[in-house]
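Text of data-v9.txt, listed as compact mmCIF, C-alpha atoms and all ligand atoms:
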# COMPACT_ATOMS: atom_id res chain seq x y z
CA MET C 1 186.52 171.17 338.20
CA LYS C 2 184.03 174.02 337.87
CA ILE C 3 180.27 174.18 337.49
CA THR C 4 179.38 175.78 334.16
CA ASP C 5 175.58 175.64 334.14
CA LEU C 6 172.43 174.61 336.01
CA LYS C 7 169.59 173.53 333.74
CA CYS C 8 166.04 172.56 334.63
CA THR C 9 163.28 171.00 332.58
CA VAL C 10 159.99 169.34 333.38
CA LEU C 11 159.77 165.77 332.03
CA GLY C 12 156.19 164.61 332.21
CA GLN C 13 155.34 166.11 335.57
CA TYR C 14 158.75 165.85 337.27
CA PRO C 15 161.24 168.72 337.46
CA VAL C 16 164.64 167.39 336.38
CA ILE C 17 167.89 169.27 336.81
CA ARG C 18 171.26 168.90 335.14
CA ILE C 19 174.45 170.50 336.43
CA THR C 20 177.23 170.71 333.86
CA THR C 21 180.97 171.18 334.42
CA ASP C 22 184.04 172.27 332.50
CA GLU C 23 185.32 168.68 332.50
CA GLY C 24 182.39 167.18 330.62
CA ILE C 25 180.91 165.44 333.66
CA SER C 26 177.31 166.31 334.48
CA GLY C 27 174.99 165.45 337.35
CA LEU C 28 171.25 164.75 337.50
CA GLY C 29 168.78 165.62 340.21
CA GLY C 30 165.06 166.12 340.51
CA ALA C 31 162.04 166.85 342.62
CA GLU C 32 158.64 165.31 343.37
CA ILE C 33 155.99 164.81 340.71
CA ASN C 34 153.66 167.78 340.02
CA LYS C 35 156.20 170.37 341.16
CA HIS C 36 156.64 172.03 337.74
CA TYR C 37 156.35 175.37 339.54
CA LEU C 38 159.79 174.80 341.07
CA LYS C 39 161.58 175.43 337.76
CA PRO C 40 162.17 179.18 338.28
CA HIS C 41 162.99 178.54 341.95
CA ILE C 42 165.62 175.96 340.97
CA LEU C 43 167.15 178.28 338.36
CA PHE C 44 167.35 181.07 340.98
CA TYR C 45 170.25 179.16 342.58
CA LYS C 46 172.34 179.10 339.39
CA GLN C 47 173.96 182.46 340.23
CA TYR C 48 175.30 181.00 343.50
CA ILE C 49 176.81 177.77 342.18
CA VAL C 50 178.38 178.56 338.78
CA ASP C 51 182.21 178.50 338.94
CA GLU C 52 182.19 176.50 342.21
CA ASP C 53 183.88 173.08 342.39
CA PRO C 54 180.95 170.58 342.43
CA THR C 55 183.07 167.91 344.13
CA ASP C 56 183.32 170.15 347.22
CA VAL C 57 179.66 169.44 347.80
CA GLU C 58 179.49 170.98 351.26
CA ARG C 59 181.15 174.24 350.22
CA VAL C 60 178.59 174.66 347.43
CA MET C 61 175.75 173.82 349.82
CA LEU C 62 176.91 176.48 352.28
CA LYS C 63 176.11 179.05 349.60
CA ILE C 64 172.51 177.93 349.00
CA ARG C 65 171.29 175.97 352.02
CA ARG C 66 170.11 179.08 353.87
CA LEU C 67 167.95 179.98 350.89
CA GLY C 68 165.49 177.13 351.28
CA SER C 69 162.74 176.04 353.65
CA PHE C 70 160.22 173.32 354.56
CA LYS C 71 158.49 171.40 351.75
CA PRO C 72 158.19 172.33 348.93
CA TRP C 73 160.77 175.13 349.22
CA GLY C 74 163.65 172.89 350.24
CA SER C 75 163.18 170.75 347.14
CA SER C 76 165.26 172.95 344.86
CA VAL C 77 168.24 172.96 347.23
CA SER C 78 167.84 169.19 347.67
CA ALA C 79 167.77 168.61 343.91
CA ILE C 80 171.04 170.51 343.53
CA GLU C 81 172.66 168.62 346.41
CA THR C 82 171.87 165.24 344.85
CA ALA C 83 173.14 166.36 341.43
CA LEU C 84 176.42 167.51 343.04
CA TRP C 85 176.90 164.07 344.61
CA ASP C 86 176.21 162.50 341.21
CA ILE C 87 179.07 164.57 339.75
CA ALA C 88 181.37 163.90 342.71
CA GLY C 89 180.82 160.15 342.39
CA LYS C 90 181.43 160.15 338.64
CA ALA C 91 184.56 162.29 339.08
CA ALA C 92 185.93 159.83 341.66
CA GLY C 93 184.78 156.81 339.65
CA VAL C 94 182.78 155.43 342.60
CA PRO C 95 179.11 155.02 343.50
CA VAL C 96 177.83 157.86 345.68
CA TYR C 97 177.41 155.56 348.68
CA LYS C 98 181.21 155.30 348.88
CA LEU C 99 181.45 159.07 349.38
CA LEU C 100 178.86 158.97 352.17
CA GLY C 101 180.95 156.50 354.17
CA GLY C 102 180.38 153.30 352.27
CA LYS C 103 177.81 150.56 352.07
CA VAL C 104 176.28 149.12 355.23
CA ARG C 105 173.91 146.85 353.25
CA ASP C 106 173.96 145.28 349.78
CA LYS C 107 170.20 145.59 349.34
CA ALA C 108 167.77 148.20 350.60
CA ARG C 109 164.38 147.20 351.94
CA VAL C 110 161.52 149.24 350.47
CA TYR C 111 157.83 149.51 351.24
CA ASN C 112 155.04 149.86 348.69
CA GLY C 113 155.07 153.68 348.46
CA SER C 114 153.35 154.55 345.21
CA VAL C 115 152.50 150.93 344.34
CA ARG C 116 148.79 151.37 345.06
CA PHE C 117 145.49 150.16 343.70
CA GLU C 118 142.23 152.06 343.49
CA LEU C 119 140.34 151.81 346.76
CA LYS C 120 136.77 150.87 345.78
CA GLY C 121 135.27 152.43 348.89
CA VAL C 122 136.09 153.19 352.51
CA SER C 123 134.55 150.20 354.30
CA PRO C 124 136.67 147.68 356.21
CA GLU C 125 135.91 145.19 353.40
CA ASP C 126 137.21 147.64 350.78
CA HIS C 127 140.40 148.10 352.79
CA ALA C 128 140.83 144.34 353.13
CA ALA C 129 140.36 143.83 349.37
CA ASP C 130 142.87 146.58 348.60
CA MET C 131 145.41 145.14 351.02
CA ALA C 132 145.07 141.70 349.40
CA LYS C 133 146.06 143.26 346.05
CA MET C 134 149.07 145.03 347.53
CA LYS C 135 150.14 141.87 349.36
CA ALA C 136 150.06 140.01 346.01
CA ALA C 137 152.04 142.73 344.17
CA ARG C 138 154.99 141.36 342.18
CA GLU C 139 157.45 143.43 344.23
CA GLY C 140 156.85 141.17 347.24
CA PHE C 141 156.82 143.98 349.79
CA THR C 142 157.48 143.03 353.40
CA ILE C 143 155.94 146.28 354.64
CA ILE C 144 152.85 147.94 353.18
CA LYS C 145 151.55 151.40 354.05
CA GLN C 146 147.99 152.59 353.68
CA GLY C 147 146.37 155.98 354.34
CA ILE C 148 143.67 156.22 357.00
CA ALA C 149 141.76 158.99 358.80
CA PHE C 150 142.75 162.43 357.45
CA HIS C 151 145.23 160.82 355.03
CA SER C 152 142.40 159.05 353.21
CA PRO C 153 138.93 159.61 351.74
CA MET C 154 137.34 158.72 355.10
CA PRO C 155 136.53 162.29 356.30
CA ARG C 156 134.52 162.90 353.11
CA ALA C 157 133.06 159.43 352.60
CA VAL C 158 132.10 158.43 356.15
CA PRO C 159 129.13 160.55 357.33
CA GLY C 160 129.85 162.20 360.68
CA PHE C 161 133.53 161.20 360.63
CA PHE C 162 134.76 164.24 362.54
CA TYR C 163 133.58 167.41 364.26
CA GLY C 164 134.72 169.79 361.57
CA GLU C 165 134.16 171.17 358.12
CA ILE C 166 135.46 169.53 354.98
CA ARG C 167 137.81 171.89 353.20
CA GLU C 168 138.63 171.30 349.54
CA GLY C 169 141.94 171.62 347.76
CA ILE C 170 145.37 171.47 349.28
CA ILE C 171 144.07 172.69 352.67
CA THR C 172 144.37 169.86 355.15
CA ASN C 173 141.30 168.76 357.03
CA ARG C 174 141.81 168.85 360.77
CA GLY C 175 139.68 168.34 363.85
CA SER C 176 138.37 165.98 366.50
CA LEU C 177 137.14 162.58 365.40
CA THR C 178 133.65 161.48 366.36
CA GLU C 179 133.39 158.13 368.14
CA ARG C 180 132.05 156.78 364.85
CA GLY C 181 135.06 158.14 362.97
CA LEU C 182 137.48 156.62 365.46
CA LYS C 183 135.70 153.24 365.42
CA HIS C 184 135.56 153.23 361.63
CA THR C 185 139.29 153.91 361.40
CA ILE C 186 140.10 151.12 363.85
CA ALA C 187 137.80 148.67 362.03
CA CYS C 188 139.57 149.36 358.73
CA VAL C 189 143.00 148.75 360.30
CA GLU C 190 141.75 145.48 361.84
CA ALA C 191 140.45 144.38 358.42
CA MET C 192 143.81 145.12 356.78
CA LYS C 193 145.74 143.29 359.51
CA GLU C 194 143.44 140.30 359.04
CA VAL C 195 144.73 140.06 355.44
CA LEU C 196 148.39 140.65 356.21
CA GLY C 197 148.63 138.55 359.36
CA ASP C 198 152.17 138.52 360.68
CA GLU C 199 153.63 137.92 357.20
CA VAL C 200 153.73 141.56 356.08
CA GLY C 201 154.10 144.65 358.27
CA LEU C 202 151.35 147.29 358.14
CA ALA C 203 152.22 151.00 358.38
CA LEU C 204 149.56 153.72 358.45
CA ASP C 205 149.69 157.29 357.20
CA CYS C 206 147.13 159.13 359.31
CA GLY C 207 147.12 162.86 358.75
CA PRO C 208 148.18 165.49 359.40
CA GLY C 209 145.16 166.81 361.23
CA LEU C 210 144.45 164.60 364.24
CA THR C 211 144.18 166.17 367.68
CA VAL C 212 146.50 164.96 370.43
CA PRO C 213 143.71 163.11 372.34
CA ASP C 214 142.56 161.35 369.16
CA ALA C 215 146.12 160.45 368.21
CA ILE C 216 146.64 158.88 371.65
CA ARG C 217 143.30 157.02 371.53
CA LEU C 218 144.01 155.67 368.05
CA ALA C 219 147.56 154.62 368.90
CA LYS C 220 146.46 152.87 372.11
CA ALA C 221 143.53 151.12 370.41
CA LEU C 222 145.88 149.72 367.77
CA GLU C 223 148.46 148.43 370.28
CA PRO C 224 147.30 144.78 370.08
CA LEU C 225 147.72 144.86 366.28
CA ASN C 226 151.49 145.52 366.29
CA VAL C 227 151.40 147.95 363.36
CA MET C 228 154.77 149.18 362.06
CA TRP C 229 154.00 152.85 362.67
CA LEU C 230 151.42 155.65 362.69
CA GLU C 231 152.66 158.48 360.47
CA ASP C 232 152.07 162.24 360.49
CA MET C 233 149.16 162.20 362.91
CA ILE C 234 149.55 165.82 364.03
CA THR C 235 151.81 167.65 361.58
CA GLY C 236 153.40 166.37 358.37
CA ASP C 237 153.09 166.79 354.63
CA TYR C 238 153.28 170.49 353.61
CA ILE C 239 153.04 171.69 357.23
CA PRO C 240 155.94 174.13 357.68
CA TYR C 241 156.53 173.31 361.36
CA VAL C 242 156.94 170.23 363.57
CA LEU C 243 155.33 170.65 367.04
CA ALA C 244 157.67 168.11 368.62
CA ASP C 245 156.16 168.56 372.11
CA LEU C 246 152.78 167.37 370.88
CA TYR C 247 154.38 164.35 369.24
CA ARG C 248 156.15 163.58 372.47
CA ASP C 249 152.82 163.56 374.37
CA VAL C 250 151.56 160.93 371.93
CA THR C 251 154.74 158.87 371.75
CA VAL C 252 155.14 158.47 375.53
CA SER C 253 151.48 157.43 375.84
CA THR C 254 151.60 154.34 373.65
CA SER C 255 153.63 151.33 372.58
CA THR C 256 152.56 151.87 368.94
CA PRO C 257 155.52 153.43 367.07
CA ILE C 258 154.93 157.07 366.08
CA HIS C 259 156.47 158.46 362.88
CA THR C 260 156.89 161.89 361.25
CA GLY C 261 159.38 164.03 359.32
CA GLU C 262 158.71 163.94 355.56
CA GLN C 263 158.23 167.70 355.11
CA ILE C 264 161.09 168.84 357.35
CA TYR C 265 164.02 170.81 355.91
CA LEU C 266 167.51 170.53 357.47
CA ARG C 267 168.93 168.74 360.50
CA GLN C 268 168.27 171.72 362.80
CA ASN C 269 164.54 171.22 362.39
CA PHE C 270 164.85 167.57 363.50
CA LYS C 271 166.66 168.60 366.70
CA ASP C 272 163.58 168.75 368.96
CA LEU C 273 162.05 165.58 367.55
CA ILE C 274 165.26 163.67 368.13
CA GLU C 275 166.61 165.13 371.38
CA LYS C 276 163.19 165.05 373.05
CA ARG C 277 162.67 161.53 371.70
CA ALA C 278 159.33 162.82 370.46
CA VAL C 279 158.95 160.09 367.82
CA ASP C 280 160.01 156.46 367.45
CA ILE C 281 160.63 156.65 363.71
CA SER C 282 161.51 159.51 361.40
CA GLY C 283 160.93 159.70 357.66
CA PRO C 284 162.83 162.54 355.99
CA ASP C 285 162.69 162.76 352.21
CA PRO C 286 166.07 163.30 350.48
CA TYR C 287 164.24 165.65 348.09
CA ASP C 288 162.95 167.86 350.93
CA ILE C 289 165.40 167.63 353.81
CA GLY C 290 168.22 169.24 351.84
CA GLY C 291 169.73 166.18 350.19
CA ILE C 292 171.26 162.80 350.91
CA ALA C 293 174.14 163.94 353.14
CA GLU C 294 171.63 165.83 355.30
CA LEU C 295 169.48 162.70 355.54
CA LYS C 296 172.49 160.58 356.46
CA TRP C 297 173.44 163.02 359.24
CA VAL C 298 169.90 162.99 360.70
CA ALA C 299 169.83 159.18 360.56
CA GLU C 300 173.10 158.92 362.49
CA TYR C 301 171.93 161.41 365.12
CA ALA C 302 168.54 159.67 365.37
CA ASP C 303 170.33 156.36 365.90
CA LEU C 304 172.16 157.81 368.91
CA HIS C 305 168.74 158.57 370.40
CA GLY C 306 167.10 155.22 369.67
CA ILE C 307 165.00 156.57 366.79
CA LEU C 308 164.44 154.48 363.66
CA MET C 309 164.39 155.62 360.03
CA ALA C 310 161.87 155.01 357.25
CA PRO C 311 162.63 157.67 354.60
CA HIS C 312 159.83 159.18 352.52
CA GLY C 313 160.06 159.12 348.72
CA THR C 314 156.77 158.06 347.14
CA ALA C 315 156.68 160.86 344.53
CA ASN C 316 160.39 161.15 343.72
CA GLY C 317 160.39 159.29 340.39
CA LEU C 318 163.31 157.28 339.03
CA ILE C 319 166.10 159.82 339.48
CA GLY C 320 164.92 160.24 343.07
CA LEU C 321 164.83 156.47 343.47
CA ALA C 322 168.57 156.37 342.75
CA ALA C 323 169.23 158.96 345.48
CA LEU C 324 167.13 156.94 347.94
CA VAL C 325 169.03 153.73 347.13
CA GLN C 326 172.45 155.41 347.47
CA VAL C 327 171.73 156.98 350.85
CA SER C 328 169.79 154.02 352.25
CA ALA C 329 172.77 151.77 351.53
CA THR C 330 174.78 153.84 354.00
CA LEU C 331 172.37 154.33 356.91
CA PRO C 332 173.02 152.68 360.28
CA GLU C 333 170.94 149.75 361.46
CA ASN C 334 168.13 152.01 362.61
CA TYR C 335 167.11 151.87 358.92
CA ILE C 336 163.80 150.06 358.34
CA ALA C 337 162.84 150.71 354.70
CA PHE C 338 162.29 153.58 352.28
CA GLU C 339 159.10 154.49 350.49
CA TYR C 340 159.36 153.13 346.94
CA PRO C 341 158.45 155.54 344.12
CA VAL C 342 157.08 154.39 340.78
CA ALA C 343 157.34 156.78 337.81
CA ARG C 344 154.39 158.13 335.87
CA PRO C 345 153.78 158.11 332.94
CA LYS C 346 155.26 154.71 332.18
CA TRP C 347 157.56 156.09 329.43
CA TRP C 348 159.88 157.16 332.22
CA TYR C 349 161.09 153.56 332.31
CA ASP C 350 162.14 153.90 328.63
CA ILE C 351 164.25 157.02 329.13
CA VAL C 352 166.18 156.13 332.31
CA GLU C 353 169.19 153.82 332.08
CA GLY C 354 170.97 152.06 334.92
CA LEU C 355 168.14 150.55 336.96
CA PRO C 356 167.89 146.83 337.68
CA ASP C 357 165.06 144.86 336.05
CA PRO C 358 162.95 144.09 337.97
CA ILE C 359 163.73 146.97 340.28
CA VAL C 360 162.29 145.34 343.41
CA SER C 361 162.60 141.63 344.26
CA ASP C 362 161.18 140.10 347.44
CA GLY C 363 160.74 143.60 348.87
CA PHE C 364 164.38 144.68 348.34
CA ILE C 365 166.42 146.64 345.79
CA ASP C 366 169.96 145.43 345.13
CA VAL C 367 172.30 148.40 345.56
CA TRP C 368 174.07 148.99 342.23
CA ASP C 369 177.74 149.86 341.95
CA THR C 370 177.95 152.21 338.96
CA PRO C 371 179.73 155.56 339.50
CA GLY C 372 177.69 158.51 340.72
CA MET C 373 174.01 157.93 341.42
CA GLY C 374 174.12 155.27 338.71
CA VAL C 375 171.21 156.43 336.55
CA GLU C 376 171.30 158.43 333.32
CA LEU C 377 168.76 159.85 330.90
CA ASN C 378 169.04 158.33 327.43
CA GLU C 379 169.31 161.52 325.39
CA GLU C 380 167.68 160.20 322.24
CA ALA C 381 164.76 158.62 324.11
CA THR C 382 164.30 161.67 326.34
CA ARG C 383 164.21 164.19 323.48
CA LYS C 384 160.74 162.93 322.53
CA TYR C 385 159.40 164.28 325.83
CA LEU C 386 161.61 167.33 326.26
CA PRO C 387 159.64 170.62 326.14
CA GLU C 388 160.65 172.75 323.16
CA GLU C 389 161.86 175.58 325.39
CA ASP C 390 164.42 173.18 326.95
CA ALA C 391 165.91 171.90 323.69
CA ASP C 392 169.38 172.80 325.04
CA PHE C 393 168.97 170.61 328.17
CA PHE C 394 171.62 168.13 327.02
CA ASP C 395 174.05 170.75 325.63
MG MG C 401 153.42 160.42 354.58

Could I get this structure in the form of structure tokens?
Amino acid sequence: MKITDLKCTVLGQYPVIRITTDEGISGLGGAEINKHYLKPHILFYKQYIVDEDPTDVERVMLKIRRLGSFKPWGSSVSAIETALWDIAGKAAGVPVYKLLGGKVRDKARVYNGSVRFELKGVSPEDHAADMAKMKAAREGFTIIKQGIAFHSPMPRAVPGFFYGEIREGIITNRGSLTERGLKHTIACVEAMKEVLGDEVGLALDCGPGLTVPDAIRLAKALEPLNVMWLEDMITGDYIPYVLADLYRDVTVSTSTPIHTGEQIYLRQNFKDLIEKRAVDISGPDPYDIGGIAELKWVAEYADLHGILMAPHGTANGLIGLAALVQVSATLPENYIAFEYPVARPKWWYDIVEGLPDPIVSDGFIDVWDTPGMGVELNEEATRKYLPEEDADFFD
């Protein structure tokens, strides 16, 4: 079998790719919402993959893997990797999880991810009210994550939150917390735990942007609350480096589990985090790490070092959801849960076929057994939303 074309369109706000072959089988992949700018970057790789056998996934990846980087520049390579597995599964007539070593679990635990409600304010009461809504969500999540500190409106909305300047746009705020900022953060976590009790686990996305002393103080202060994890306190989303030594300083100072990894590209860049045991939990995203086989490898290596896995995925849409389900089915028992993406706008649910309904029950997704990734775009339904310039997407 040979690859004949790599196509990319933007459906709503999600880049979607389609790899076609000379045997009529095609594969779908994608990238996070709002990354329309990746389209030319994705198409750049076409020259390297046409005429290759898509079922020799690794041999194709060897041609393009070097030409990617940390988030968002590993997304294009990751999209291609997942589409190749989709083809390989369809060609073999088996779900992709079979090709990754087979199923370890029949259902994958997920946490709320992009199931969120509008936070009315930043007080502890507002956080408690928001948590009550998420706890009552129809998906029945057993773990809920909320943003706090620099991963929340707190730096802007709480006067004197930190000793630093507010910077607008994609620039991350960073700096030392004031005592007031630290106390406010802790009070909000206590209020959320009050609502969840010991029925639902609470995870917290915290940065990036905290200093090492603040990260240690926050983690130690929260020890009595038994939170699931503190995520991305120092580096993280869109930070093109890891700083594993700093994470290690935090991790060895506290019993609160420390988590990072969503922006990291390739197994080599997890080496320090894992070998130095610098975190307790890692959260690579299949759409940024370089694909599902890369994620599986990191999970196995992490397991050897006592590190747990909670993969990122909140913005990956429904094609990305399928990749998350396939790989999560195969991870060792260091797997906790993946971050559940919902698709926006809602018409995405009308154009994708193959998902269970409801998708999440009692906090889990049943792993489906259809060949490939197991989701397809309904051509007729999708055409309504296909940009004119991509009219040949299904050809
Ligand atoms: Mg995060």

Residues contacting ligand MG 401 (chain C) - anything with an atom at most 9 Å away, using all atoms listed in the file - can you give me those as a compact mmCIF listing (two decimals) with C-alpha atoms, in the frame of the given file?
# COMPACT_ATOMS: atom_id res chain seq x y z
CA GLY C 147 146.37 155.98 354.34
CA HIS C 151 145.23 160.82 355.03
CA LEU C 204 149.56 153.72 358.45
CA ASP C 205 149.69 157.29 357.20
CA CYS C 206 147.13 159.13 359.31
CA GLY C 207 147.12 162.86 358.75
CA PRO C 208 148.18 165.49 359.40
CA GLU C 231 152.66 158.48 360.47
CA ASP C 232 152.07 162.24 360.49
CA GLY C 236 153.40 166.37 358.37
CA ASP C 237 153.09 166.79 354.63
CA THR C 260 156.89 161.89 361.25
CA GLY C 261 159.38 164.03 359.32
CA GLU C 262 158.71 163.94 355.56
CA GLN C 263 158.23 167.70 355.11
CA GLY C 283 160.93 159.70 357.66
CA HIS C 312 159.83 159.18 352.52
CA GLY C 313 160.06 159.12 348.72
CA THR C 314 156.77 158.06 347.14

Please report as a Markdown table every residue of segment 74-123 of chain C lying within 12 Å of segment 22-28 of chain C, along with the nearest atom pair and their distance in Å (one decimal), using all atoms listed in the file.
| residue | atom | partner | partner_atom | distance |
| --- | --- | --- | --- | --- |
| C:Ser78 | CA | C:Leu28 | CA | 11.6 |
| C:Ala79 | CA | C:Leu28 | CA | 8.3 |
| C:Ile80 | CA | C:Leu28 | CA | 8.3 |
| C:Glu81 | CA | C:Leu28 | CA | 9.8 |
| C:Thr82 | CA | C:Leu28 | CA | 7.4 |
| C:Ala83 | CA | C:Gly27 | CA | 4.6 |
| C:Leu84 | CA | C:Gly27 | CA | 6.2 |
| C:Trp85 | CA | C:Gly27 | CA | 7.6 |
| C:Asp86 | CA | C:Gly27 | CA | 5.0 |
| C:Ile87 | CA | C:Gly27 | CA | 4.8 |
| C:Ala88 | CA | C:Gly27 | CA | 8.5 |
| C:Gly89 | CA | C:Gly27 | CA | 9.4 |
| C:Lys90 | CA | C:Ile25 | CA | 7.3 |
| C:Ala91 | CA | C:Ile25 | CA | 7.3 |
| C:Ala92 | CA | C:Ile25 | CA | 11.0 |
| C:Gly93 | CA | C:Ile25 | CA | 11.2 |
| C:Val96 | CA | C:Gly27 | CA | 11.6 |

How would the residues just chosen look if you wrote them out with C-alpha atoms as a JSON list (two decimals), in the coordinates of the input?
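Result file out01.json:
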[["chain", "number", "residue", "atom", "x", "y", "z"],
["C", 78, "SER", "CA", 167.84, 169.19, 347.67],
["C", 79, "ALA", "CA", 167.77, 168.61, 343.91],
["C", 80, "ILE", "CA", 171.04, 170.51, 343.53],
["C", 81, "GLU", "CA", 172.66, 168.62, 346.41],
["C", 82, "THR", "CA", 171.87, 165.24, 344.85],
["C", 83, "ALA", "CA", 173.14, 166.36, 341.43],
["C", 84, "LEU", "CA", 176.42, 167.51, 343.04],
["C", 85, "TRP", "CA", 176.90, 164.07, 344.61],
["C", 86, "ASP", "CA", 176.21, 162.50, 341.21],
["C", 87, "ILE", "CA", 179.07, 164.57, 339.75],
["C", 88, "ALA", "CA", 181.37, 163.90, 342.71],
["C", 89, "GLY", "CA", 180.82, 160.15, 342.39],
["C", 90, "LYS", "CA", 181.43, 160.15, 338.64],
["C", 91, "ALA", "CA", 184.56, 162.29, 339.08],
["C", 92, "ALA", "CA", 185.93, 159.83, 341.66],
["C", 93, "GLY", "CA", 184.78, 156.81, 339.65],
["C", 96, "VAL", "CA", 177.83, 157.86, 345.68]]

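Note that atom CA of Ile186 of chain C and atom CA of Arg167 of chain C are 23.5 Å apart.
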
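Here atom CA of Ile307 of chain C stands at a distance of 14.2 Å from atom CA of Leu230 of chain C.
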
Compile the contact shell of His305 of chain C as a PDB file with C-alpha atoms, in the coordinates of the input: residues with an atom at most 8 Å away, counting only C-alpha atoms, same-chain residues fewer than 6 positions apart removed.
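Resulting contents of part-v6.pdb:
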ATOM      1  CA  ILE C 274     165.260 163.670 368.130  1.00  0.00           C
ATOM      2  CA  GLU C 275     166.610 165.130 371.380  1.00  0.00           C
ATOM      3  CA  ARG C 277     162.670 161.530 371.700  1.00  0.00           C
TER       4      ARG C 277
END

Surrounding residues of Trp368 of chain C excluding itself and chain neighbours under 6 positions, 8 Å, all atoms listed in the file, as a PyMOL selection string: chain C and resi 95+356+374

Nearest to Pro284 of chain C, chosen from C:Lys71, C:Lys145, C:Arg109, C:Lys346, with all atoms listed in the file counted in the distances: C:Lys71

Residue neighbourhood Ile143 of chain C, 12 Å, all atoms listed in the file, exclusion window fewer than 3 positions, as a VMD selection string: chain C and resid 109 to 113 115 131 134 to 135 137 139 to 140 146 193 196 to 204 227 to 229 310 336 to 340 362 to 364

Pick from C:Glu389, C:Glu52, C:Glu179, C:Asp288, whichever lies nearest to Gly30 of chain C using all atoms listed in the file: C:Asp288

Proximity to Phe44 of chain C - best of C:Glu58, C:Cys8, C:Glu32, C:Arg105, all atoms listed in the file: C:Cys8

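You can rank C:Phe70, C:Arg138, C:Ala132, C:Ser152 by their closest distance to Phe270 of chain C using all atoms listed in the file, and at the top of that list sits C:Phe70.
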
8 Å contact set for segment 327-332 of chain C, all atoms listed in the file, chain neighbours under 3 positions out, as number ranges by chain: C: 97, 100-108, 292-293, 295-296, 299-300, 303, 323-324, 335, 338, 367

Please return segment 226-237 of chain C, rebuilt to N, CA and C atoms, as an mmCIF file, in the coordinates of the input.
data_model
loop_
_atom_site.group_PDB
_atom_site.id
_atom_site.type_symbol
_atom_site.label_atom_id
_atom_site.label_comp_id
_atom_site.auth_asym_id
_atom_site.auth_seq_id
_atom_site.Cartn_x
_atom_site.Cartn_y
_atom_site.Cartn_z
ATOM 1 N N ASN C 226 150.061 145.472 366.640
ATOM 2 C CA ASN C 226 151.490 145.520 366.290
ATOM 3 C C ASN C 226 151.754 146.147 364.911
ATOM 4 N N VAL C 227 151.123 147.294 364.641
ATOM 5 C CA VAL C 227 151.400 147.950 363.360
ATOM 6 C C VAL C 227 152.836 148.501 363.371
ATOM 7 N N MET C 228 153.384 148.692 362.165
ATOM 8 C CA MET C 228 154.770 149.180 362.060
ATOM 9 C C MET C 228 154.901 150.595 362.599
ATOM 10 N N TRP C 229 153.977 151.475 362.156
ATOM 11 C CA TRP C 229 154.000 152.850 362.670
ATOM 12 C C TRP C 229 152.723 153.587 362.291
ATOM 13 N N LEU C 230 152.471 154.671 363.018
ATOM 14 C CA LEU C 230 151.420 155.650 362.690
ATOM 15 C C LEU C 230 152.139 156.934 362.282
ATOM 16 N N GLU C 231 151.870 157.382 361.059
ATOM 17 C CA GLU C 231 152.660 158.480 360.470
ATOM 18 C C GLU C 231 151.885 159.785 360.421
ATOM 19 N N ASP C 232 152.580 160.873 360.716
ATOM 20 C CA ASP C 232 152.070 162.240 360.490
ATOM 21 C C ASP C 232 150.701 162.473 361.103
ATOM 22 N N MET C 233 150.493 162.028 362.333
ATOM 23 C CA MET C 233 149.160 162.200 362.910
ATOM 24 C C MET C 233 148.843 163.671 363.150
ATOM 25 N N ILE C 234 149.847 164.445 363.614
ATOM 26 C CA ILE C 234 149.550 165.820 364.030
ATOM 27 C C ILE C 234 150.019 166.826 362.982
ATOM 28 N N THR C 235 151.292 166.833 362.683
ATOM 29 C CA THR C 235 151.810 167.650 361.580
ATOM 30 C C THR C 235 152.396 166.689 360.549
ATOM 31 N N GLY C 236 152.833 167.244 359.409
ATOM 32 C CA GLY C 236 153.400 166.370 358.370
ATOM 33 C C GLY C 236 153.380 167.079 357.033
ATOM 34 N N ASP C 237 152.993 166.334 356.007
ATOM 35 C CA ASP C 237 153.090 166.790 354.630
ATOM 36 C C ASP C 237 152.648 168.251 354.444
#
